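Enquirer: Handing you this structure, nothing more for now.
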Amino acid sequence: MRLVLILMFVVAVAFAKPKIVVEEAWVRAVPPVSTMSAAFLEIENKGDENDTLLKVSSPIAEITEIHTTIMDEGMMKMRRLENVAIPAGKSVDFKPGGKHIMLINLKKHPKPGEKVKLILEFEKSGKVEVEATVRGMGMMEEHHKSHH
Amino acid sequence: MRKFYLMLAFLVLGVYLGSCESSKKEKFNGTLLEQPAYDFELKTAGDRKVKLSDFRGKLVFIFFGYTHCPDVCPAALQNLAKMMNQLDKEEQEQVQVIMISVDPERDTPEVADKYAKFFNPNFLGLSGSEEEIKKVTKEYKAFYKKVEGQSASGYLVDHTAYIYLIDKSGNLKLIYSSSKQKPELMAEDVKKLLED
């Protein structure tokens, strides 16, 4: 009996794994004079083991970094994160005013409605590819949308 | 001792009248300041000089940001653009939005203006010399600090992200912290101020 239990435990540990689901991925459309943009998304770990986001890359940017915005006594500070823990059963939000993926030295300017590929690299789950939609801003595009 | 009681009575009366006064005052979504706004002179595209006092008679929104900022600055300008969208044409003509760069090293007046105009063609982007920007931010109690070695993008700039609203007579009327920078909240205040 004890052997069965031990066996079951071993099997359970061996099969425990993270299950990464990325949702709501979007990239901010920025003015043509801007050399950088940011990507936002929601990473959910539906598995039963913790995972860690190590890095992100995208064909539209020369350099990609994970940053977070901190509000400290009224000051907005951006700081680089080495990695981001994605605990089992938890969801981690990358959203404006918080964690975001910096797309630095844009090779191509993301236009509203376009899709941008993001490659997320996790410690255990490996590479996960996501298509992020470019979201426009300002009144002009929204004006357009409301007329269509 | 009698003097003391008299003073106390005045004090109580003063506080009472004060509270009456404030309850009569209009309620705004932004934090009420009401103090003279510093009249800066900076540059926009084409090295054209722009003074705050050029806009007397209009409501002026001021935001301190920088074009290499991918998160907070575009979000604030986007909210200001949406705010404009909630005003009718006549109201829009009485409102000017200005972004002042806190990164004069990388943001020329040209770049700052192009950046601002992306959000709304009537927005104005301003920059100036290091000293000029330092002076303006000090007067508005806005702070910024270069942070090296954080990112491969060069340096980052820590900065306060308030939106300031200057009234028609050049007074710093309202200030919006990041949680209050919502298009509908700012538009509501604009409509109230334009009614006066």
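A note on labels: chains of the structure tokens are A, B, ... as shown, every chain counts residues from 1, and ligands are counted from 1 in their shown order.
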List as a tab-separated table every residue of chain B that is in contact with chain A, defined as an atom at most 7 Å from one of its atoms (using only C-alpha atoms), together with the nearest atom pair and the distance in Å rounded to one decimal, sorted by chain and then rising number.
Expert:
residue	atom	partner	partner_atom	distance
B:Thr67	CA	A:Ser34	CA	6.0
B:His68	CA	A:Met36	CA	6.4
B:Pro70	CA	A:Ser37	CA	4.9
B:Asp71	CA	A:Pro96	CA	6.0
B:Val72	CA	A:Gly97	CA	6.0
B:Gln78	CA	A:Gly138	CA	5.1
B:Ala81	CA	A:Gly138	CA	5.0
B:Lys82	CA	A:Met139	CA	5.7
B:Asn85	CA	A:Met139	CA	6.0
B:Val111	CA	A:Val33	CA	6.4
B:Lys114	CA	A:Val33	CA	6.8
B:Tyr115	CA	A:Pro31	CA	5.5
B:Phe118	CA	A:Pro31	CA	5.4
B:Phe119	CA	A:Gly138	CA	4.6
B:Asn120	CA	A:Gly138	CA	6.3
B:Gln150	CA	A:Arg80	CA	6.0
B:Ser151	CA	A:Arg80	CA	6.7
B:Ser153	CA	A:Ile104	CA	6.1
B:Asp158	CA	A:Lys77	CA	4.7
B:His159	CA	A:Met75	CA	5.2
B:Thr160	CA	A:Met75	CA	4.4
B:Ala161	CA	A:Met76	CA	6.4
Enquirer: Put those residues in a file: N, CA and C atoms, as a tab-separated table (two decimals), in the first residue's frame.
Expert:
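The resulting file, result.tsv, is shown below:
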chain	number	residue	atom	x	y	z
B	67	THR	N	8.94	61.53	-25.09
B	67	THR	CA	8.50	60.68	-26.20
B	67	THR	C	9.06	59.25	-26.13
B	68	HIS	N	10.09	59.03	-25.32
B	68	HIS	CA	10.62	57.67	-25.20
B	68	HIS	C	9.88	56.87	-24.13
B	70	PRO	N	6.92	54.69	-23.08
B	70	PRO	CA	5.97	53.90	-23.84
B	70	PRO	C	4.66	53.59	-23.12
B	71	ASP	N	4.58	53.93	-21.86
B	71	ASP	CA	3.41	53.48	-21.10
B	71	ASP	C	2.56	54.63	-20.58
B	72	VAL	N	3.07	55.34	-19.58
B	72	VAL	CA	2.28	56.36	-18.89
B	72	VAL	C	1.97	57.58	-19.77
B	78	GLN	N	-3.54	60.04	-24.59
B	78	GLN	CA	-4.69	59.37	-25.18
B	78	GLN	C	-5.97	59.77	-24.42
B	81	ALA	N	-6.91	63.18	-25.45
B	81	ALA	CA	-7.52	63.17	-26.78
B	81	ALA	C	-8.98	62.71	-26.69
B	82	LYS	N	-9.22	61.71	-25.86
B	82	LYS	CA	-10.59	61.22	-25.68
B	82	LYS	C	-11.45	62.27	-24.99
B	85	ASN	N	-12.63	64.62	-27.44
B	85	ASN	CA	-13.66	63.95	-28.23
B	85	ASN	C	-15.05	64.08	-27.59
B	111	VAL	N	10.28	67.18	-32.45
B	111	VAL	CA	9.88	65.82	-32.06
B	111	VAL	C	8.73	65.86	-31.06
B	114	LYS	N	5.51	66.80	-32.93
B	114	LYS	CA	5.00	65.71	-33.78
B	114	LYS	C	4.36	64.64	-32.92
B	115	TYR	N	4.99	64.35	-31.81
B	115	TYR	CA	4.49	63.33	-30.88
B	115	TYR	C	3.10	63.73	-30.38
B	118	PHE	N	0.16	63.58	-32.88
B	118	PHE	CA	-0.31	62.25	-33.26
B	118	PHE	C	-1.61	61.92	-32.53
B	119	PHE	N	-1.74	62.43	-31.32
B	119	PHE	CA	-2.92	62.13	-30.51
B	119	PHE	C	-4.10	63.01	-30.90
B	120	ASN	N	-3.80	64.24	-31.26
B	120	ASN	CA	-4.82	65.17	-31.73
B	120	ASN	C	-4.07	66.28	-32.48
B	150	GLN	N	19.16	51.21	-16.71
B	150	GLN	CA	18.01	50.35	-16.47
B	150	GLN	C	17.60	49.60	-17.74
B	151	SER	N	17.84	50.28	-18.86
B	151	SER	CA	17.30	49.74	-20.09
B	151	SER	C	18.27	49.93	-21.25
B	153	SER	N	17.42	50.89	-23.96
B	153	SER	CA	16.89	52.00	-24.74
B	153	SER	C	17.63	53.29	-24.43
B	158	ASP	N	12.32	59.18	-14.67
B	158	ASP	CA	11.29	59.14	-13.64
B	158	ASP	C	10.62	60.51	-13.65
B	159	HIS	N	9.33	60.54	-13.58
B	159	HIS	CA	8.68	61.86	-13.58
B	159	HIS	C	7.31	61.81	-12.91
B	160	THR	N	6.88	62.99	-12.45
B	160	THR	CA	5.54	63.08	-11.90
B	160	THR	C	4.60	63.11	-13.10
B	161	ALA	N	3.44	62.48	-12.97
B	161	ALA	CA	2.56	62.39	-14.13
B	161	ALA	C	1.21	63.05	-13.86
Enquirer: Neighbours of Asp93 (chain A) within 7 Å (only C-alpha atoms; same-chain residues fewer than 2 positions away dropped), as a PyMOL selection string?
Expert: chain A and resi 41-43+91+95
Enquirer: At a cut-off of 8 Å, using only C-alpha atoms, what residues contact region 165-173 of chain B? Leave out same-chain residues fewer than 2 positions from it and give the result as an MDAnalysis selection string.
Expert: chainID B and resid 32:37 52:53 55:62 163 175 193
Enquirer: Looking at only C-alpha atoms, which of B:Tyr164, B:Phe64, B:Tyr176, B:Phe123 is the one that sits closest to Phe143 (chain B)?
Expert: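 Among the listed residues, the smallest separation from Phe143 (chain B) belongs to B:Phe64.
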Enquirer: Per DSSP on the backbone, what are the helix (DSSP H, G or I) residues of region 48-155 of chain B, as a CSV table (one decimal) with N, CA and C atoms, in the first residue's frame?
Expert:
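In the end it all went to out-v4.csv:
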chain,number,residue,atom,x,y,z
B,52,LEU,N,2.7,80.5,-22.2
B,52,LEU,CA,1.4,80.1,-21.7
B,52,LEU,C,0.4,81.2,-21.8
B,53,SER,N,0.8,82.5,-21.7
B,53,SER,CA,-0.1,83.6,-21.8
B,53,SER,C,-0.7,83.8,-23.2
B,54,ASP,N,-0.1,83.2,-24.2
B,54,ASP,CA,-0.7,83.2,-25.5
B,54,ASP,C,-2.1,82.6,-25.5
B,55,PHE,N,-2.4,81.8,-24.5
B,55,PHE,CA,-3.7,81.1,-24.5
B,55,PHE,C,-4.7,81.7,-23.5
B,72,VAL,N,3.1,55.3,-19.6
B,72,VAL,CA,2.3,56.4,-18.9
B,72,VAL,C,2.0,57.6,-19.8
B,73,CYS,N,3.0,58.0,-20.5
B,73,CYS,CA,2.8,59.3,-21.3
B,73,CYS,C,1.8,59.1,-22.4
B,74,PRO,N,1.9,58.0,-23.3
B,74,PRO,CA,0.9,57.9,-24.3
B,74,PRO,C,-0.5,57.7,-23.7
B,75,ALA,N,-0.6,57.0,-22.6
B,75,ALA,CA,-1.9,56.8,-21.9
B,75,ALA,C,-2.5,58.1,-21.5
B,76,ALA,N,-1.7,59.0,-20.9
B,76,ALA,CA,-2.2,60.3,-20.5
B,76,ALA,C,-2.7,61.1,-21.7
B,77,LEU,N,-1.9,61.2,-22.7
B,77,LEU,CA,-2.2,61.9,-23.9
B,77,LEU,C,-3.4,61.4,-24.6
B,78,GLN,N,-3.5,60.0,-24.6
B,78,GLN,CA,-4.7,59.4,-25.2
B,78,GLN,C,-6.0,59.8,-24.4
B,79,ASN,N,-5.9,59.8,-23.1
B,79,ASN,CA,-7.0,60.2,-22.3
B,79,ASN,C,-7.4,61.7,-22.6
B,80,LEU,N,-6.4,62.5,-22.8
B,80,LEU,CA,-6.7,63.9,-23.1
B,80,LEU,C,-7.4,64.0,-24.5
B,81,ALA,N,-6.9,63.2,-25.4
B,81,ALA,CA,-7.5,63.2,-26.8
B,81,ALA,C,-9.0,62.7,-26.7
B,82,LYS,N,-9.2,61.7,-25.9
B,82,LYS,CA,-10.6,61.2,-25.7
B,82,LYS,C,-11.5,62.3,-25.0
B,83,MET,N,-10.8,63.0,-24.1
B,83,MET,CA,-11.5,64.1,-23.4
B,83,MET,C,-12.0,65.1,-24.4
B,84,MET,N,-11.1,65.5,-25.4
B,84,MET,CA,-11.5,66.4,-26.4
B,84,MET,C,-12.7,65.9,-27.2
B,85,ASN,N,-12.6,64.6,-27.4
B,85,ASN,CA,-13.7,63.9,-28.2
B,85,ASN,C,-15.0,64.1,-27.6
B,89,LYS,N,-17.7,71.0,-30.8
B,89,LYS,CA,-16.8,71.8,-31.6
B,89,LYS,C,-16.4,73.1,-30.9
B,90,GLU,N,-17.5,73.8,-30.4
B,90,GLU,CA,-17.3,75.1,-29.8
B,90,GLU,C,-16.5,75.0,-28.6
B,91,GLU,N,-16.7,74.0,-27.8
B,91,GLU,CA,-16.0,73.8,-26.5
B,91,GLU,C,-14.5,73.4,-26.9
B,92,GLN,N,-14.3,72.6,-27.9
B,92,GLN,CA,-13.0,72.2,-28.3
B,92,GLN,C,-12.1,73.4,-28.6
B,109,PRO,N,12.0,70.5,-30.0
B,109,PRO,CA,10.7,71.0,-30.1
B,109,PRO,C,9.9,70.3,-31.3
B,110,GLU,N,10.6,70.0,-32.3
B,110,GLU,CA,10.0,69.3,-33.5
B,110,GLU,C,9.5,68.0,-33.1
B,111,VAL,N,10.3,67.2,-32.5
B,111,VAL,CA,9.9,65.8,-32.1
B,111,VAL,C,8.7,65.9,-31.1
B,112,ALA,N,8.8,66.7,-30.1
B,112,ALA,CA,7.8,66.9,-29.0
B,112,ALA,C,6.5,67.2,-29.7
B,113,ASP,N,6.5,68.1,-30.7
B,113,ASP,CA,5.3,68.6,-31.3
B,113,ASP,C,4.7,67.5,-32.2
B,114,LYS,N,5.5,66.8,-32.9
B,114,LYS,CA,5.0,65.7,-33.8
B,114,LYS,C,4.4,64.6,-32.9
B,115,TYR,N,5.0,64.4,-31.8
B,115,TYR,CA,4.5,63.3,-30.9
B,115,TYR,C,3.1,63.7,-30.4
B,116,ALA,N,3.0,65.0,-29.9
B,116,ALA,CA,1.7,65.4,-29.3
B,116,ALA,C,0.6,65.4,-30.4
B,117,LYS,N,1.0,65.9,-31.6
B,117,LYS,CA,0.0,66.0,-32.7
B,117,LYS,C,-0.5,64.6,-33.2
B,118,PHE,N,0.2,63.6,-32.9
B,118,PHE,CA,-0.3,62.3,-33.3
B,118,PHE,C,-1.6,61.9,-32.5
B,119,PHE,N,-1.7,62.4,-31.3
B,119,PHE,CA,-2.9,62.1,-30.5
B,119,PHE,C,-4.1,63.0,-30.9
B,130,GLU,N,17.8,72.6,-21.3
B,130,GLU,CA,17.8,71.9,-20.0
B,130,GLU,C,17.4,72.9,-18.9
B,131,GLU,N,17.9,74.1,-18.9
B,131,GLU,CA,17.6,75.1,-17.9
B,131,GLU,C,16.2,75.5,-17.9
B,132,GLU,N,15.7,75.8,-19.1
B,132,GLU,CA,14.3,76.2,-19.2
B,132,GLU,C,13.3,75.2,-18.7
B,133,ILE,N,13.6,73.9,-19.1
B,133,ILE,CA,12.7,72.8,-18.6
B,133,ILE,C,12.8,72.7,-17.1
B,134,LYS,N,14.0,72.8,-16.6
B,134,LYS,CA,14.2,72.7,-15.2
B,134,LYS,C,13.4,73.8,-14.4
B,135,LYS,N,13.4,75.0,-15.0
B,135,LYS,CA,12.7,76.1,-14.4
B,135,LYS,C,11.2,75.9,-14.4
B,136,VAL,N,10.6,75.4,-15.6
B,136,VAL,CA,9.2,75.2,-15.7
B,136,VAL,C,8.7,74.1,-14.7
B,137,THR,N,9.4,73.0,-14.7
B,137,THR,CA,9.0,71.9,-13.9
B,137,THR,C,9.1,72.3,-12.4
B,138,LYS,N,10.1,73.1,-12.0
B,138,LYS,CA,10.2,73.6,-10.7
B,138,LYS,C,9.0,74.4,-10.3
B,139,GLU,N,8.6,75.3,-11.2
B,139,GLU,CA,7.5,76.2,-10.9
B,139,GLU,C,6.2,75.4,-10.8
Enquirer: For a test of reading the model, state the distance in Å between CA of Leu126 (chain B) and CA of Thr108 (chain B), rounded to one decimal.
Expert: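 Going from CA of Leu126 (chain B) over to CA of Thr108 (chain B) covers 8.2 Å.
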Enquirer: Considering only C-alpha atoms, return as number ranges by chain whatever protein or nucleic-acid residues lie within 9 Å of Lys55 (chain A), sequence-local ones (same chain, fewer than 4 positions apart) excluded.
Expert: A: 64-66, 82-84, 119-122
Enquirer: Print the selection's residues with N, CA and C atoms to a file, as a PDB file, in the first residue's frame.
Expert:
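New file out03.pdb:
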ATOM      1  N   THR A  64      13.846  43.891 -26.710  1.00  0.00           N
ATOM      2  CA  THR A  64      12.604  43.752 -25.958  1.00  0.00           C
ATOM      3  C   THR A  64      12.942  43.528 -24.493  1.00  0.00           C
ATOM      4  N   GLU A  65      12.314  44.292 -23.630  1.00  0.00           N
ATOM      5  CA  GLU A  65      12.569  44.161 -22.193  1.00  0.00           C
ATOM      6  C   GLU A  65      11.264  44.116 -21.415  1.00  0.00           C
ATOM      7  N   ILE A  66      11.321  43.483 -20.258  1.00  0.00           N
ATOM      8  CA  ILE A  66      10.145  43.463 -19.386  1.00  0.00           C
ATOM      9  C   ILE A  66      10.320  44.589 -18.370  1.00  0.00           C
ATOM     10  N   GLU A  82      13.903  41.363 -14.339  1.00  0.00           N
ATOM     11  CA  GLU A  82      14.718  40.284 -14.913  1.00  0.00           C
ATOM     12  C   GLU A  82      13.829  39.148 -15.402  1.00  0.00           C
ATOM     13  N   ASN A  83      12.812  38.856 -14.603  1.00  0.00           N
ATOM     14  CA  ASN A  83      11.857  37.809 -14.984  1.00  0.00           C
ATOM     15  C   ASN A  83      10.572  38.020 -14.187  1.00  0.00           C
ATOM     16  N   VAL A  84       9.543  37.282 -14.568  1.00  0.00           N
ATOM     17  CA  VAL A  84       8.271  37.438 -13.861  1.00  0.00           C
ATOM     18  C   VAL A  84       7.725  36.058 -13.495  1.00  0.00           C
ATOM     19  N   ILE A 119       7.087  36.605 -28.944  1.00  0.00           N
ATOM     20  CA  ILE A 119       7.537  35.268 -28.548  1.00  0.00           C
ATOM     21  C   ILE A 119       7.934  35.325 -27.074  1.00  0.00           C
ATOM     22  N   LEU A 120       7.152  34.634 -26.274  1.00  0.00           N
ATOM     23  CA  LEU A 120       7.403  34.620 -24.836  1.00  0.00           C
ATOM     24  C   LEU A 120       8.183  33.359 -24.476  1.00  0.00           C
ATOM     25  N   GLU A 121       9.223  33.524 -23.666  1.00  0.00           N
ATOM     26  CA  GLU A 121      10.013  32.360 -23.283  1.00  0.00           C
ATOM     27  C   GLU A 121       9.874  32.086 -21.796  1.00  0.00           C
ATOM     28  N   PHE A 122       9.353  30.892 -21.491  1.00  0.00           N
ATOM     29  CA  PHE A 122       9.148  30.514 -20.096  1.00  0.00           C
ATOM     30  C   PHE A 122      10.194  29.491 -19.659  1.00  0.00           C
TER      31      PHE A 122
END
Enquirer: For CA of Lys90 (chain A) and CA of Leu53 (chain A), quote the distance in Å rounded to one decimal.
Expert: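 CA of Leu53 (chain A) lies 13.3 Å from CA of Lys90 (chain A).
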Enquirer: Check the DSSP output for the backbone and give back, as an MDAnalysis selection string, the residues of chain A in strand (DSSP E or B).
Expert: chainID A and resid 20:28 37:45 51:57 61:72 75:80 84:86 91:94 99:106 115:122 126:135
Enquirer: Could you work out how far CA of Arg135 (chain A) lies from CA of Leu118 (chain A), giving the answer in Å with one decimal?
Expert: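 Separation between CA of Leu118 (chain A) and CA of Arg135 (chain A): 14.9 Å.
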Enquirer: Hey, which of B:Tyr144, B:Tyr66, B:Phe40, B:Tyr162 ends up closest to Leu174 (chain B)? Count only C-alpha atoms.
Expert: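 Of B:Tyr144, B:Tyr66, B:Phe40, B:Tyr162, the one nearest Leu174 (chain B) is B:Tyr162, counting only C-alpha atoms.
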Enquirer: Neighbouring residues of Lys117 (chain A) were defined as those with any atom within 6 Å, considering only C-alpha atoms; residues of the same chain fewer than 4 positions away were excluded. Please report them as a ChimeraX atom specification.
Expert: /A:58,130-131
